[in-house]
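What follows is a short report on a single structure.
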Amino acid sequence: MPALPLDELQLTEKDPRTGKLRTLPALHPEIKADRSFVLYRPPPVVRDPALVEEFLERAKFIADDLNWLLALPHDKFWCQVIFDETLQKCLDSYLCYAPRKFDALLDCHPEVNEMQKCLHRSVFLTFLRMSTHKESKDHFITPSVFGEIIYNNFLFDIPKILDLCVLFGKGNGLLLQKMIENIFTWQPSYFSDLDETLPTVLQVFNNILHKCGLQCEGASAEPQKLEERVNVTPGNMPLQELKDIVLYLCDTCTTLWAFLDVFPLACQTFQKHEFCYRLASFYELAIPELESAIKKRHYEDNSVFADLWRRISHSRKKMIEAFHVLINQVCLQPILESSCENIQPFIEEFLQIFTSVLQERRFLRDYDELFPVEDDVSLLQQASSTLDETRTAYILQAVESAWEGVDRKKAQVVKDPTPPATSNGASAIAESTAEDVEELGAAYASEDELLALSGNAPHSVWYLQCAGAAAAPIAKVSGVELDSLISQVKDLLPDLGEGFILACLEEYSYNAEQVINNILEDKLVPYLDKLDRTMQRQLKPDPTPLVTSRHNVFQNDEFDVFSRDSVDVSRIQKGKRREKDTTRSLLNDKRLVAEQKERYSQYSVIVEEIPVQPGEAQLYKEDYEDEYDDTYDGNQVGANDADSDDELISRRPFTIPQVLRPKGQEEGQEEEEEDDEEEEEEAEKERTKDHFVQDPAVLRERAEARRLAYLARKGHKHDSSAVVGNVKGHGQNRETVQERRKKEANKSMRANHNRRVMADRKRNKGMIPS
């Protein structure tokens with residue numbers, strides 16, 4: 001017989017009051033054992049024997065109770081878990097107060113550490129069994145009922161799951177991932193709970209910005225009241241408040257990263273709330289301010305600075321890693337797993353996310369150092385042939401511009417650094433004993449190395465301060481850009497001196513808007529308040545001398561006294577040089593001819609005269625024979641060609657003036673001869689004329705002649721004289737009248753000559769009065 005699930009199983013037992021048998025469901029409150037679980041307290045901070053003894057006793061009670069719980073059978077375990085409220089409170093207290101891995105390790109007693117490890121293991125096994133609906137083939141719960149049990153009895157909720165990830169994620173990642181996937185699989189309502197929880201998570205970022213006197217875009221939909229404006233900044237807030245903010249930020253960022261790393265399926269829910277953009281915007285606003293406040297504050301105990309800087313550096317790393325997990329799960333991983341037809345939406349999502357964060361230069365620079373954007377874009381180019389090259393080139397160019405003025409190489413830790421002076425002039429001398437860290441400078445030290453920094457070694461953290469400053473460099477502004485920033489502030493606050501404005505710009509990373517805002521609200525750091533506000537700008541002398549920096553056409557020539565110690569004075573001429581050579585000497589100077597001969601001799605152009613010996617004369621005569629070639633002299637080449645300029649040089653024939661003519665010569669005869677000559681010339685020109693476009697009149701005459709010849713061959717004779725008739729007034733004969741009537745009747749056969757016929761028809765129909 002197959003075993004029934006626990007939710008359907010019925011148990012038969014005696015009623016302790018009546019002694020009769022009764023049937024109860026396996027999950028019933030009366031089956032729960034009467035046992036009280038104590039609350040958890042964290043390990044003591046100091047080695048006080050009384051506190052250590054109290055912790056060990058309390059932790060032993062909890063460990064024993066959890067071991068007893070884990071030893072219970074399947075049905076009794078679930079009855080105890082569901083109906084024992086003290087057990088849930090005990091587990092909740094451990095999730096809340098258990099030390100995180102990013103917390104500073106305390107100098108605890110060895111027995112305390114051992115008990116803490118044992119208790120940590122028991123709590124994890126308890127939650128592991130609570131998230132398993134099937135322990136064996138005989139002991140199991142229906143999956144749908146299991147989901148209702150853990151959800152309705154609040155055995156798991158989103159805050160508990162987040163704490164489980166941050167406490168047990170390192171070292172137990174696979175088991176924890178299977179646990180959380182099982183919970184979300186059999187109870188999908190947790191996805192909706194996570195969706196409702198994310199606005200609260202984003203509100204945490206807004207609260208931190210509000211405490212720091214900053215404001216994120218889109219953080220508040222309502223305008224801020226004037227009386228609610230805060231004048232507290234990270235630089236002037238109390239030290240305890242700064243420590244609380246840094247601890248709060250570190251806990252939040254580490255928890256979010258641990259949850260996304262263990263349960264990547266939640267990334268889609270996070271991105272629905274534009275989490276990537278909000279995270280990058282928060283990073284750009286809060287991290288530089290907090291880092292600046294931590295570095296410039298004076299500490300009486302260096303261990304406080306060590307702890308603050310370690311936490312803020314750890315927060316930076318976890319925020320960037322959380323952003324990378326989101327990008328990888330939302331965009332890159334689906335592209336690698338999908339076919340070519342389904343990757344376009346994921347590519348578009350990737351481009352939109354990075355386009356939205358391009359303005360966050362500090363965040364973009366830190367992210368690109370840990371996870372190069374160029375590698376992700378290269379992956380997209382390999383996956384899709386239709387990738388928008390313009391947008392990808394724009395993103396890569398923005399990443400490159402974020403690195404302008406900053407060394408792109410990873411910061412190296414310098415041993416035994418000289419500690420920088422604080423803002424109030426105090427300084428500390430420390431020796432660095434930490435090893436070099438090669439991950440975004442020492443600010444991005446690995447988690448194990450961060451845990452290795454204990455509170456009893458405060459002098460080992462100065463390398464973090466130096467490396468942190470290298471990890472967050474500020475581009476130096478100078479020249480015209482610096483003058484523009486100073487004038488921008490001076491236009492609004494003309495009473496301030498340029499020296500004071502320059503000091504403020506250097507303090508606030510050359511952000512003119514922030515300088516103006518802090519001056520108007522009296523939120524300047526203390527050392528700036530002590531400066532004279534009318535202080536003028538002191539021009540720094542150029543460290544490069546003018547002599548060594550000059551560059552001209554006479555640089556390093558033979559007379560350059562700045563680059564040569566000795567100069568040939570004999571080659572120096574003062575005034576106009578007087579030539580003593582005469583005209584004859586200049587003509588006899590053949591040096592230029594010799595130079596030209598030597599040059600052209602290389603081209604074998606100049607042939608020197610070779611002296612001929614008496615016996616060699618015949619040889620040279622055979623080589624050269626000066627005989628004129630008259631082969632073509634008999635041909636008259638071009639003799640018969642017409643001159644092209646005949647028309648230009650031709651003139652009218654010579655005419656003897658009439659006064660000089662002899663008496664026997666008649667004028668008419670000469671004129672007749674001239675007319676004959678002109679007619680002959682015109683006829684000759686007409687024959688030789690090239691009729692490219694012939695005269696239309698000539699063409700008509702030729703056509704009429706051809707028509708008449710054709711009609712003559714056909715025997716047709718058209719006499720139009722009958723139509724013409726006699727002169728008007730002399731009467732017409734019968735033939736003329738008939739011809740005219742025929743022409744009038746038949747002229748409608750061509751063109752528009754039937755108007756009279758149509759007029760006659762209208763008149764006959766009475767349309768036109770006659």
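Within each chain, counting starts at residue 1; across the structure tokens, chains are named A, B, ... in the order shown, with ligands numbered 1 upward in that order.
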(message) Show me, as an MDAnalysis selection string, the residues that have an atom within 7 Å of range 127-134 of chain A when counting only C-alpha atoms, minus same-chain residues fewer than 4 positions from it.
(response) chainID A and resid 123 139:141 143 146 179 183
Requested write-out: all heavy atoms of the selected residues, as an mmCIF file, in the first residue's frame:
```cif
data_model
loop_
_atom_site.group_PDB
_atom_site.id
_atom_site.type_symbol
_atom_site.label_atom_id
_atom_site.label_comp_id
_atom_site.auth_asym_id
_atom_site.auth_seq_id
_atom_site.Cartn_x
_atom_site.Cartn_y
_atom_site.Cartn_z
ATOM 1 N N VAL A 123 21.350 25.759 12.943
ATOM 2 C CA VAL A 123 20.319 26.637 12.380
ATOM 3 C C VAL A 123 20.162 26.375 10.886
ATOM 4 O O VAL A 123 19.039 26.314 10.360
ATOM 5 C CB VAL A 123 20.661 28.114 12.657
ATOM 6 C CG1 VAL A 123 19.704 29.036 11.926
ATOM 7 C CG2 VAL A 123 20.626 28.402 14.145
ATOM 8 N N HIS A 139 7.951 9.552 3.681
ATOM 9 C CA HIS A 139 7.745 10.767 4.471
ATOM 10 C C HIS A 139 7.836 11.968 3.527
ATOM 11 O O HIS A 139 8.937 12.377 3.130
ATOM 12 C CB HIS A 139 8.791 10.880 5.585
ATOM 13 C CG HIS A 139 8.789 9.725 6.524
ATOM 14 N ND1 HIS A 139 9.590 8.611 6.348
ATOM 15 C CD2 HIS A 139 8.067 9.491 7.651
ATOM 16 C CE1 HIS A 139 9.394 7.743 7.324
ATOM 17 N NE2 HIS A 139 8.450 8.249 8.139
ATOM 18 N N PHE A 140 6.681 12.506 3.209
ATOM 19 C CA PHE A 140 6.638 13.633 2.284
ATOM 20 C C PHE A 140 5.321 14.376 2.480
ATOM 21 O O PHE A 140 4.399 13.900 3.156
ATOM 22 C CB PHE A 140 6.778 13.165 0.830
ATOM 23 C CG PHE A 140 5.672 12.258 0.374
ATOM 24 C CD1 PHE A 140 4.544 12.758 -0.274
ATOM 25 C CD2 PHE A 140 5.735 10.887 0.610
ATOM 26 C CE1 PHE A 140 3.521 11.937 -0.695
ATOM 27 C CE2 PHE A 140 4.702 10.053 0.197
ATOM 28 C CZ PHE A 140 3.604 10.578 -0.453
ATOM 29 N N ILE A 141 5.277 15.567 1.907
ATOM 30 C CA ILE A 141 4.085 16.415 1.939
ATOM 31 C C ILE A 141 3.727 16.744 0.498
ATOM 32 O O ILE A 141 4.611 16.925 -0.357
ATOM 33 C CB ILE A 141 4.333 17.710 2.737
ATOM 34 C CG1 ILE A 141 4.809 17.393 4.154
ATOM 35 C CG2 ILE A 141 3.091 18.571 2.797
ATOM 36 C CD1 ILE A 141 5.178 18.613 4.967
ATOM 37 N N PRO A 143 3.256 18.751 -2.642
ATOM 38 C CA PRO A 143 3.939 20.020 -2.935
ATOM 39 C C PRO A 143 3.046 21.242 -2.812
ATOM 40 O O PRO A 143 3.461 22.268 -2.269
ATOM 41 C CB PRO A 143 4.436 19.809 -4.362
ATOM 42 C CG PRO A 143 4.593 18.342 -4.494
ATOM 43 C CD PRO A 143 3.503 17.739 -3.677
ATOM 44 N N PHE A 146 2.469 21.835 0.804
ATOM 45 C CA PHE A 146 3.723 22.328 1.382
ATOM 46 C C PHE A 146 3.882 23.834 1.153
ATOM 47 O O PHE A 146 4.274 24.582 2.060
ATOM 48 C CB PHE A 146 4.887 21.558 0.765
ATOM 49 C CG PHE A 146 6.225 22.146 1.041
ATOM 50 C CD1 PHE A 146 6.838 22.008 2.283
ATOM 51 C CD2 PHE A 146 6.916 22.868 0.064
ATOM 52 C CE1 PHE A 146 8.080 22.563 2.534
ATOM 53 C CE2 PHE A 146 8.153 23.426 0.304
ATOM 54 C CZ PHE A 146 8.737 23.269 1.548
ATOM 55 N N MET A 179 17.349 25.162 -1.931
ATOM 56 C CA MET A 179 16.318 25.477 -0.942
ATOM 57 C C MET A 179 15.387 26.579 -1.449
ATOM 58 O O MET A 179 14.155 26.427 -1.466
ATOM 59 C CB MET A 179 16.976 25.936 0.366
ATOM 60 C CG MET A 179 17.606 24.838 1.197
ATOM 61 S SD MET A 179 18.529 25.530 2.586
ATOM 62 C CE MET A 179 17.312 26.623 3.305
ATOM 63 N N ILE A 183 11.376 26.634 -2.581
ATOM 64 C CA ILE A 183 10.361 27.486 -1.932
ATOM 65 C C ILE A 183 9.594 28.294 -2.983
ATOM 66 O O ILE A 183 8.358 28.340 -2.978
ATOM 67 C CB ILE A 183 11.043 28.406 -0.902
ATOM 68 C CG1 ILE A 183 11.602 27.580 0.259
ATOM 69 C CG2 ILE A 183 10.070 29.460 -0.394
ATOM 70 C CD1 ILE A 183 12.474 28.382 1.201
#
```
(request) Would you work out the distance separating CA of Asp48 in chain A from CA of Ile62 in chain A, expressed in Å to one decimal? (result) 21.3 Å
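Proximity to Ile335 in chain A was assessed for A:Ala322, A:Leu587, A:Leu379, A:Leu351 counting only C-alpha atoms; the smallest distance is recorded for A:Leu379.
Neighbours of range 267-284 of chain A closer than or equal to 8 Å, with only C-alpha atoms counted and sequence neighbours fewer than 5 positions away skipped, come out as Phe191, Leu194, Asp195, Leu198, Pro199, Leu202, Phe205, Leu209, Cys216, Glu217, Leu260, Arg316, Met319, Phe323, Val325, Leu326, Gln329, Val330, Ile353, Ser356, Val357, Glu360, Arg361, Arg362 and Phe363 of chain A.
For the residues A:Pro73, A:Pro234, A:Gly725, A:Pro44, ranking by smallest atom-to-atom distance to Val525 in chain A using only C-alpha atoms places A:Pro234 first.
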(request) To one decimal in Å, tell me the separation between CA of Thr197 in chain A and CA of Leu247 in chain A. (result) 20.9 Å
(message) Please compute the CA of Gln203 in chain A-CA of Leu256 in chain A distance, one decimal, in Å.
(response) 13.7 Å
(request) From range 159-326 of chain A, collect each residue whose DSSP state is helix (DSSP H, G or I) and return the set as a ChimeraX atom specification. (result) /A:159-168,173-186,189-211,226-228,239-262,264-271,275-296,302-326
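The smallest atom-to-atom distance between Glu181 in chain A and any of A:Ala398, A:Tyr94, A:Ile150, A:Pro264, using only C-alpha atoms, is found for A:Pro264.
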If you count only C-alpha atoms, which residues fall within 12 Å of Phe37 in chain A, apart from same-chain ones fewer than 4 positions away, as a compact mmCIF listing (two decimals) with N, CA, C and O atoms, in the first residue's frame?
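So the final result, stored in selection.txt, reads:
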```txt
# COMPACT_ATOMS: atom_id res chain seq x y z
N ALA A 33 5.16 19.09 20.97
CA ALA A 33 5.79 18.89 22.28
C ALA A 33 5.86 20.22 23.01
O ALA A 33 6.04 21.29 22.40
N ARG A 58 23.57 30.18 26.95
CA ARG A 58 22.41 30.42 26.08
C ARG A 58 22.57 29.70 24.74
O ARG A 58 21.62 29.08 24.23
N ALA A 59 23.77 29.79 24.14
CA ALA A 59 24.00 29.13 22.86
C ALA A 59 23.88 27.61 22.99
O ALA A 59 23.40 26.94 22.07
N LYS A 60 24.31 27.06 24.16
CA LYS A 60 24.20 25.60 24.35
C LYS A 60 22.73 25.18 24.44
O LYS A 60 22.33 24.14 23.90
N PHE A 61 21.91 25.98 25.10
CA PHE A 61 20.48 25.68 25.16
C PHE A 61 19.88 25.64 23.76
O PHE A 61 19.12 24.71 23.42
N ILE A 62 20.20 26.65 22.96
CA ILE A 62 19.63 26.71 21.60
C ILE A 62 20.12 25.54 20.76
O ILE A 62 19.34 24.90 20.03
N ALA A 63 21.42 25.25 20.84
CA ALA A 63 21.98 24.15 20.04
C ALA A 63 21.36 22.82 20.44
O ALA A 63 21.01 21.99 19.58
N ASP A 64 21.19 22.59 21.74
CA ASP A 64 20.58 21.33 22.20
C ASP A 64 19.14 21.23 21.73
O ASP A 64 18.69 20.15 21.30
N ASP A 65 18.40 22.32 21.82
CA ASP A 65 17.00 22.29 21.39
C ASP A 65 16.89 22.03 19.88
O ASP A 65 16.01 21.28 19.44
N LEU A 66 17.77 22.66 19.10
CA LEU A 66 17.72 22.43 17.65
C LEU A 66 18.13 21.01 17.29
O LEU A 66 17.56 20.40 16.36
N ASN A 67 19.11 20.48 17.99
CA ASN A 67 19.49 19.09 17.73
C ASN A 67 18.34 18.14 18.10
O ASN A 67 18.11 17.14 17.40
N TRP A 68 17.63 18.45 19.19
CA TRP A 68 16.45 17.64 19.55
C TRP A 68 15.37 17.73 18.46
O TRP A 68 14.75 16.73 18.09
N LEU A 69 15.20 18.96 17.92
CA LEU A 69 14.20 19.16 16.87
C LEU A 69 14.57 18.38 15.60
O LEU A 69 13.69 17.76 14.97
N GLN A 80 5.95 20.55 15.32
CA GLN A 80 6.69 21.48 16.17
C GLN A 80 7.01 22.77 15.42
O GLN A 80 6.93 23.87 15.96
N VAL A 81 7.38 22.63 14.14
CA VAL A 81 7.73 23.81 13.35
C VAL A 81 6.52 24.70 13.11
O VAL A 81 6.60 25.94 13.19
N ASP A 84 4.83 25.76 17.07
CA ASP A 84 5.64 26.28 18.18
C ASP A 84 6.13 27.68 17.82
O ASP A 84 7.02 27.86 16.99
N GLU A 85 5.55 28.68 18.46
CA GLU A 85 5.93 30.07 18.17
C GLU A 85 7.31 30.41 18.72
O GLU A 85 8.02 31.25 18.16
N THR A 86 7.70 29.77 19.86
CA THR A 86 9.02 30.07 20.43
C THR A 86 10.14 29.63 19.49
O THR A 86 11.20 30.26 19.44
N LEU A 87 9.90 28.55 18.74
CA LEU A 87 10.90 28.11 17.78
C LEU A 87 11.10 29.15 16.69
O LEU A 87 12.24 29.47 16.32
N GLN A 88 10.01 29.71 16.17
CA GLN A 88 10.13 30.73 15.13
C GLN A 88 10.82 31.99 15.65
O GLN A 88 11.63 32.60 14.94
N LYS A 89 10.53 32.38 16.85
CA LYS A 89 11.18 33.56 17.42
C LYS A 89 12.68 33.31 17.62
O LYS A 89 13.51 34.21 17.43
N CYS A 90 13.03 32.09 18.02
CA CYS A 90 14.44 31.76 18.20
C CYS A 90 15.19 31.83 16.87
O CYS A 90 16.28 32.41 16.79
N LEU A 91 14.60 31.23 15.85
CA LEU A 91 15.25 31.28 14.54
C LEU A 91 15.34 32.70 14.00
O LEU A 91 16.35 33.09 13.39
N ASP A 92 14.29 33.47 14.22
CA ASP A 92 14.32 34.88 13.76
C ASP A 92 15.40 35.67 14.47
O ASP A 92 16.07 36.51 13.86
N SER A 93 15.57 35.43 15.77
CA SER A 93 16.59 36.16 16.52
C SER A 93 17.99 35.82 16.01
O SER A 93 18.86 36.70 15.95
N TYR A 94 18.19 34.57 15.61
CA TYR A 94 19.52 34.22 15.09
C TYR A 94 19.75 34.90 13.73
O TYR A 94 20.85 35.41 13.46
```
